[in-house]
Amino acid sequence: MLRKVKVKNGLLQGMTGKDPRITVFRGVPYAKPPVGELRWKAPQPAEDWEGVRKCYEYADMAMMRVHPGMDDDFYTKELHPVAAEYKMSEDCLYLNIFTPAKTTEDNIPVFVYIHGGGLQDGYSYEVEFDPERVARRGVIVVMVAYRLGLFGFLAHPEITARTPEGEVISNFGMQDQSMAIHWVYDNIRAFGGDPDNIVICGQSAGARSVQAQICTPLNDGLIKGAIIQSAVSMMFGDEDQSMAAIPSLQEAEKYGADFLQTIGIDSLEEAEKTDAHELMRRLDKASEKTRYVFGLCTDGRFVRESAPSAYYNNRVADIPLIVGVCRLKTQSPCRKGGLNYQEFLQKAKKYGDREAEFLRLAEVTNDEEADALMAGDAFNNFLAGTRGFCELRSSMGQKVYYYIFDHDIPGDDAGSFHGSDLWFMFDSLGNSWRPFEGKHYDLARQVTSYWTNFVKYKDPNGTDYNGNPLPLWEPYSRDKKAVMKFLDTPVPEILEECPVLDFRLAWGKERLTDKE
């Protein structure tokens, strides 16, 4: 197997994985440590090293407000049972690479994964990730770490002032991810990979990250497919303004400056000299009153516009996609539902001279029907967004595969919670505390096969790891609204028409498509 490789910066030594047919390279640097004078600056290329760098240990987690695994909560038990053992630091820009290659000429497809966590939390070696199990299907898996929260997304007038003309301002975490993708493109042949066959994938905030990466022109030509899990950021032009767009650079600058003042820091220079853990302590303290969240802003270069704007205007990579959601997430308070009949009638007024058309299509006459409409494909924040995206992109000729996870999760009443699909796509059920049984392992084998087939062929169909034919998963189209429902088994279905969703999508096209 390919245990030692030569990348542009020097020699790397990997180690035998749990499966001896996989070589694991942990803690591979793709950028300089963003510390000292590189804090809150664009990532810089990694420096060369002498001799052989032994890639046996995971690098530190990115700085977070709360160290994962320290609380006695749902996600500590579920995802972070040993996270308390790991260190956190600013020195976090590393990759973990899992390759089944025997030679540098193997030309294996590449699966790049971006973890979630709200852009505030998470790390690339959480217990639900088992990249070896995925790599065993004949792909190289690259797990990406990036700067989070305050260190990854602070904007500030002084940051803007010192950024050279034409370079990206803020959005450091997105810049990190992009540099990682570029590093993979430049170096993956050394691991037996095919740089012209890179598919990126992410869940939750990782899904949002994937959307940013396929919309930015800075990655043009590098990404050949994408998987967006829970869920697509999509707007229809009828949302509250607070929900309709990411902050402008100027808004983010003001937010950042106000935050530093709140924690008793008067300038960016003072913030740069403050210890990273002390900044996290102050952030945690300040969040007791107001939760400070640092995320994407429209910087004008990396993030030129919101993802929905890019979708409506077809300013997005022309690549095949898999998109979907976990069913239970759509039933949470985040679904933006719960209207009574009178509130529904008030909502209809925003459509102006098309109010009567909307009411005719909605066919709502009472509180129960109003709530059902808000909870379904027409308005549910996750279902409507993802299905609306499928409608839009398929109408523009892009191939998109839609799924809904609604699988049985044993051990408690959590159901198909947000992120539960990760146990199945990584075929990592054996890492979980939950009493998974045969049917769960069968489903995981099939789901992982769909995902890796997509990485290889840009089509999830074919056979599973055991050579069994997979149930046919057709792409979504206007004429055939196909969805794969992952229940006890994969169940292909065709969705019924949804006239209200069509109405909202047309409304969005009128308002979010550029006018000549």
# chains A, B, ... in the order shown; residues from 1 in each chain; ligands from 1

call {"tool": "residues_around", "arguments": {"residues": "stretch 181-197 of chain A", "least_positions_apart": "4", "cutoff": "7 Å", "atoms": "only C-alpha atoms", "output": "list in words"}}
result
Val5, Lys6, Val7, Lys8, Tyr30, Thr99, Ala101, Thr103, Thr104, Glu105, Asp106, Asn107, Ile108, Pro109, Val110, Ile140, Gln177 and Lys224 of chain A

call {"tool": "residues_around", "arguments": {"residues": "stretch 81-87 of chain A", "least_positions_apart": "4", "cutoff": "8 Å", "atoms": "only C-alpha atoms", "output": "number ranges by chain"}}
result
A: 60-61, 67-70, 76-77, 126-127

call {"tool": "residues_around", "arguments": {"residues": "A:Asp367", "least_positions_apart": "5", "cutoff": "8 Å", "atoms": "only C-alpha atoms", "output": "ChimeraX atom specification"}}
result
/A:339-342

call {"tool": "closest_residue", "arguments": {"among": "A:Met234, A:Ile223, A:Met374, A:Ile159", "to": "A:Tyr311", "atoms": "only C-alpha atoms"}}
result
A:Met234

call {"tool": "closest_residue", "arguments": {"among": "A:Asp427, A:Asp71, A:Asp502, A:Asp130", "to": "A:Tyr450", "atoms": "only C-alpha atoms"}}
result
A:Asp427

call {"tool": "decode", "arguments": {"residues": "stretch 193-228 of chain A", "atoms": "N, CA, C and O atoms", "output": "PDB file, in the first residue's frame"}}
result
ATOM      1  N   GLY A 193      -4.673   9.709  -6.073  1.00  0.00           N
ATOM      2  CA  GLY A 193      -5.967  10.288  -6.402  1.00  0.00           C
ATOM      3  C   GLY A 193      -6.020  10.962  -7.752  1.00  0.00           C
ATOM      4  O   GLY A 193      -4.995  11.263  -8.370  1.00  0.00           O
ATOM      5  N   ASP A 194      -7.249  11.211  -8.202  1.00  0.00           N
ATOM      6  CA  ASP A 194      -7.517  11.881  -9.481  1.00  0.00           C
ATOM      7  C   ASP A 194      -7.938  13.319  -9.196  1.00  0.00           C
ATOM      8  O   ASP A 194      -9.066  13.555  -8.742  1.00  0.00           O
ATOM      9  N   PRO A 195      -7.083  14.311  -9.460  1.00  0.00           N
ATOM     10  CA  PRO A 195      -7.444  15.704  -9.167  1.00  0.00           C
ATOM     11  C   PRO A 195      -8.594  16.221 -10.024  1.00  0.00           C
ATOM     12  O   PRO A 195      -9.213  17.232  -9.682  1.00  0.00           O
ATOM     13  N   ASP A 196      -8.882  15.530 -11.109  1.00  0.00           N
ATOM     14  CA  ASP A 196      -9.979  15.949 -11.982  1.00  0.00           C
ATOM     15  C   ASP A 196     -11.290  15.253 -11.635  1.00  0.00           C
ATOM     16  O   ASP A 196     -12.249  15.313 -12.403  1.00  0.00           O
ATOM     17  N   ASN A 197     -11.316  14.601 -10.465  1.00  0.00           N
ATOM     18  CA  ASN A 197     -12.547  13.935 -10.018  1.00  0.00           C
ATOM     19  C   ASN A 197     -12.716  14.165  -8.521  1.00  0.00           C
ATOM     20  O   ASN A 197     -12.643  13.247  -7.719  1.00  0.00           O
ATOM     21  N   ILE A 198     -12.939  15.443  -8.159  1.00  0.00           N
ATOM     22  CA  ILE A 198     -13.128  15.830  -6.762  1.00  0.00           C
ATOM     23  C   ILE A 198     -14.597  16.153  -6.523  1.00  0.00           C
ATOM     24  O   ILE A 198     -15.184  17.004  -7.211  1.00  0.00           O
ATOM     25  N   VAL A 199     -15.200  15.465  -5.556  1.00  0.00           N
ATOM     26  CA  VAL A 199     -16.573  15.742  -5.118  1.00  0.00           C
ATOM     27  C   VAL A 199     -16.503  16.228  -3.676  1.00  0.00           C
ATOM     28  O   VAL A 199     -15.803  15.633  -2.851  1.00  0.00           O
ATOM     29  N   ILE A 200     -17.203  17.312  -3.372  1.00  0.00           N
ATOM     30  CA  ILE A 200     -17.224  17.817  -2.004  1.00  0.00           C
ATOM     31  C   ILE A 200     -18.576  17.544  -1.365  1.00  0.00           C
ATOM     32  O   ILE A 200     -19.600  17.449  -2.043  1.00  0.00           O
ATOM     33  N   CYS A 201     -18.564  17.384  -0.050  1.00  0.00           N
ATOM     34  CA  CYS A 201     -19.768  17.010   0.694  1.00  0.00           C
ATOM     35  C   CYS A 201     -19.730  17.693   2.047  1.00  0.00           C
ATOM     36  O   CYS A 201     -18.655  17.887   2.635  1.00  0.00           O
ATOM     37  N   GLY A 202     -20.896  18.066   2.569  1.00  0.00           N
ATOM     38  CA  GLY A 202     -20.976  18.625   3.906  1.00  0.00           C
ATOM     39  C   GLY A 202     -22.372  18.502   4.453  1.00  0.00           C
ATOM     40  O   GLY A 202     -23.351  18.403   3.694  1.00  0.00           O
ATOM     41  N   GLN A 203     -22.472  18.495   5.776  1.00  0.00           N
ATOM     42  CA  GLN A 203     -23.760  18.373   6.460  1.00  0.00           C
ATOM     43  C   GLN A 203     -23.973  19.581   7.356  1.00  0.00           C
ATOM     44  O   GLN A 203     -23.047  20.065   8.010  1.00  0.00           O
ATOM     45  N   SER A 204     -25.206  20.113   7.376  1.00  0.00           N
ATOM     46  CA  SER A 204     -25.569  21.260   8.209  1.00  0.00           C
ATOM     47  C   SER A 204     -24.733  22.472   7.802  1.00  0.00           C
ATOM     48  O   SER A 204     -24.811  22.903   6.655  1.00  0.00           O
ATOM     49  N   ALA A 205     -23.922  23.035   8.707  1.00  0.00           N
ATOM     50  CA  ALA A 205     -23.062  24.146   8.306  1.00  0.00           C
ATOM     51  C   ALA A 205     -22.058  23.708   7.257  1.00  0.00           C
ATOM     52  O   ALA A 205     -21.581  24.517   6.454  1.00  0.00           O
ATOM     53  N   GLY A 206     -21.728  22.414   7.243  1.00  0.00           N
ATOM     54  CA  GLY A 206     -20.906  21.887   6.160  1.00  0.00           C
ATOM     55  C   GLY A 206     -21.639  21.959   4.836  1.00  0.00           C
ATOM     56  O   GLY A 206     -21.040  22.205   3.783  1.00  0.00           O
ATOM     57  N   ALA A 207     -22.959  21.753   4.860  1.00  0.00           N
ATOM     58  CA  ALA A 207     -23.774  21.895   3.650  1.00  0.00           C
ATOM     59  C   ALA A 207     -23.767  23.338   3.183  1.00  0.00           C
ATOM     60  O   ALA A 207     -23.648  23.624   1.983  1.00  0.00           O
ATOM     61  N   ARG A 208     -23.890  24.260   4.140  1.00  0.00           N
ATOM     62  CA  ARG A 208     -23.829  25.680   3.770  1.00  0.00           C
ATOM     63  C   ARG A 208     -22.458  26.019   3.188  1.00  0.00           C
ATOM     64  O   ARG A 208     -22.334  26.803   2.254  1.00  0.00           O
ATOM     65  N   SER A 209     -21.423  25.404   3.755  1.00  0.00           N
ATOM     66  CA  SER A 209     -20.072  25.619   3.244  1.00  0.00           C
ATOM     67  C   SER A 209     -19.932  25.106   1.816  1.00  0.00           C
ATOM     68  O   SER A 209     -19.340  25.769   0.957  1.00  0.00           O
ATOM     69  N   VAL A 210     -20.474  23.910   1.567  1.00  0.00           N
ATOM     70  CA  VAL A 210     -20.426  23.355   0.217  1.00  0.00           C
ATOM     71  C   VAL A 210     -21.090  24.313  -0.764  1.00  0.00           C
ATOM     72  O   VAL A 210     -20.578  24.546  -1.871  1.00  0.00           O
ATOM     73  N   GLN A 211     -22.221  24.884  -0.361  1.00  0.00           N
ATOM     74  CA  GLN A 211     -22.907  25.813  -1.254  1.00  0.00           C
ATOM     75  C   GLN A 211     -22.043  27.039  -1.550  1.00  0.00           C
ATOM     76  O   GLN A 211     -21.985  27.513  -2.683  1.00  0.00           O
ATOM     77  N   ALA A 212     -21.372  27.553  -0.525  1.00  0.00           N
ATOM     78  CA  ALA A 212     -20.477  28.694  -0.752  1.00  0.00           C
ATOM     79  C   ALA A 212     -19.338  28.312  -1.688  1.00  0.00           C
ATOM     80  O   ALA A 212     -18.943  29.095  -2.565  1.00  0.00           O
ATOM     81  N   GLN A 213     -18.814  27.086  -1.542  1.00  0.00           N
ATOM     82  CA  GLN A 213     -17.673  26.666  -2.355  1.00  0.00           C
ATOM     83  C   GLN A 213     -18.051  26.440  -3.813  1.00  0.00           C
ATOM     84  O   GLN A 213     -17.219  26.650  -4.713  1.00  0.00           O
ATOM     85  N   ILE A 214     -19.288  26.014  -4.081  1.00  0.00           N
ATOM     86  CA  ILE A 214     -19.679  25.804  -5.481  1.00  0.00           C
ATOM     87  C   ILE A 214     -20.201  27.085  -6.123  1.00  0.00           C
ATOM     88  O   ILE A 214     -20.385  27.125  -7.351  1.00  0.00           O
ATOM     89  N   CYS A 215     -20.416  28.118  -5.311  1.00  0.00           N
ATOM     90  CA  CYS A 215     -20.882  29.394  -5.856  1.00  0.00           C
ATOM     91  C   CYS A 215     -19.747  30.396  -6.085  1.00  0.00           C
ATOM     92  O   CYS A 215     -19.912  31.338  -6.861  1.00  0.00           O
ATOM     93  N   THR A 216     -18.629  30.232  -5.391  1.00  0.00           N
ATOM     94  CA  THR A 216     -17.554  31.209  -5.541  1.00  0.00           C
ATOM     95  C   THR A 216     -16.764  30.954  -6.818  1.00  0.00           C
ATOM     96  O   THR A 216     -16.455  29.800  -7.154  1.00  0.00           O
ATOM     97  N   PRO A 217     -16.392  32.008  -7.526  1.00  0.00           N
ATOM     98  CA  PRO A 217     -15.569  31.832  -8.732  1.00  0.00           C
ATOM     99  C   PRO A 217     -14.144  31.399  -8.411  1.00  0.00           C
ATOM    100  O   PRO A 217     -13.416  30.963  -9.307  1.00  0.00           O
ATOM    101  N   LEU A 218     -13.731  31.476  -7.145  1.00  0.00           N
ATOM    102  CA  LEU A 218     -12.362  31.137  -6.777  1.00  0.00           C
ATOM    103  C   LEU A 218     -12.087  29.637  -6.842  1.00  0.00           C
ATOM    104  O   LEU A 218     -10.932  29.211  -6.731  1.00  0.00           O
ATOM    105  N   ASN A 219     -13.155  28.834  -7.000  1.00  0.00           N
ATOM    106  CA  ASN A 219     -12.968  27.382  -7.142  1.00  0.00           C
ATOM    107  C   ASN A 219     -13.301  26.882  -8.540  1.00  0.00           C
ATOM    108  O   ASN A 219     -13.463  25.674  -8.747  1.00  0.00           O
ATOM    109  N   ASP A 220     -13.408  27.782  -9.489  1.00  0.00           N
ATOM    110  CA  ASP A 220     -13.863  27.390 -10.826  1.00  0.00           C
ATOM    111  C   ASP A 220     -13.054  26.222 -11.377  1.00  0.00           C
ATOM    112  O   ASP A 220     -11.809  26.250 -11.390  1.00  0.00           O
ATOM    113  N   GLY A 221     -13.759  25.195 -11.812  1.00  0.00           N
ATOM    114  CA  GLY A 221     -13.147  24.059 -12.481  1.00  0.00           C
ATOM    115  C   GLY A 221     -12.614  22.972 -11.580  1.00  0.00           C
ATOM    116  O   GLY A 221     -12.248  21.891 -12.066  1.00  0.00           O
ATOM    117  N   LEU A 222     -12.584  23.203 -10.263  1.00  0.00           N
ATOM    118  CA  LEU A 222     -11.978  22.223  -9.365  1.00  0.00           C
ATOM    119  C   LEU A 222     -12.955  21.162  -8.889  1.00  0.00           C
ATOM    120  O   LEU A 222     -12.565  20.024  -8.620  1.00  0.00           O
ATOM    121  N   ILE A 223     -14.231  21.508  -8.740  1.00  0.00           N
ATOM    122  CA  ILE A 223     -15.216  20.640  -8.101  1.00  0.00           C
ATOM    123  C   ILE A 223     -16.099  20.019  -9.167  1.00  0.00           C
ATOM    124  O   ILE A 223     -16.711  20.715  -9.974  1.00  0.00           O
ATOM    125  N   LYS A 224     -16.199  18.692  -9.161  1.00  0.00           N
ATOM    126  CA  LYS A 224     -16.933  17.987 -10.220  1.00  0.00           C
ATOM    127  C   LYS A 224     -18.297  17.460  -9.759  1.00  0.00           C
ATOM    128  O   LYS A 224     -19.065  16.933 -10.555  1.00  0.00           O
ATOM    129  N   GLY A 225     -18.603  17.583  -8.477  1.00  0.00           N
ATOM    130  CA  GLY A 225     -19.895  17.176  -7.945  1.00  0.00           C
ATOM    131  C   GLY A 225     -19.979  17.604  -6.498  1.00  0.00           C
ATOM    132  O   GLY A 225     -18.954  17.892  -5.863  1.00  0.00           O
ATOM    133  N   ALA A 226     -21.207  17.654  -5.950  1.00  0.00           N
ATOM    134  CA  ALA A 226     -21.372  18.094  -4.564  1.00  0.00           C
ATOM    135  C   ALA A 226     -22.563  17.396  -3.925  1.00  0.00           C
ATOM    136  O   ALA A 226     -23.554  17.086  -4.598  1.00  0.00           O
ATOM    137  N   ILE A 227     -22.430  17.150  -2.615  1.00  0.00           N
ATOM    138  CA  ILE A 227     -23.497  16.543  -1.815  1.00  0.00           C
ATOM    139  C   ILE A 227     -23.807  17.496  -0.671  1.00  0.00           C
ATOM    140  O   ILE A 227     -22.910  17.858   0.101  1.00  0.00           O
ATOM    141  N   ILE A 228     -25.075  17.896  -0.579  1.00  0.00           N
ATOM    142  CA  ILE A 228     -25.519  18.907   0.382  1.00  0.00           C
ATOM    143  C   ILE A 228     -26.518  18.237   1.320  1.00  0.00           C
ATOM    144  O   ILE A 228     -27.645  17.939   0.935  1.00  0.00           O
TER     145      ILE A 228
END
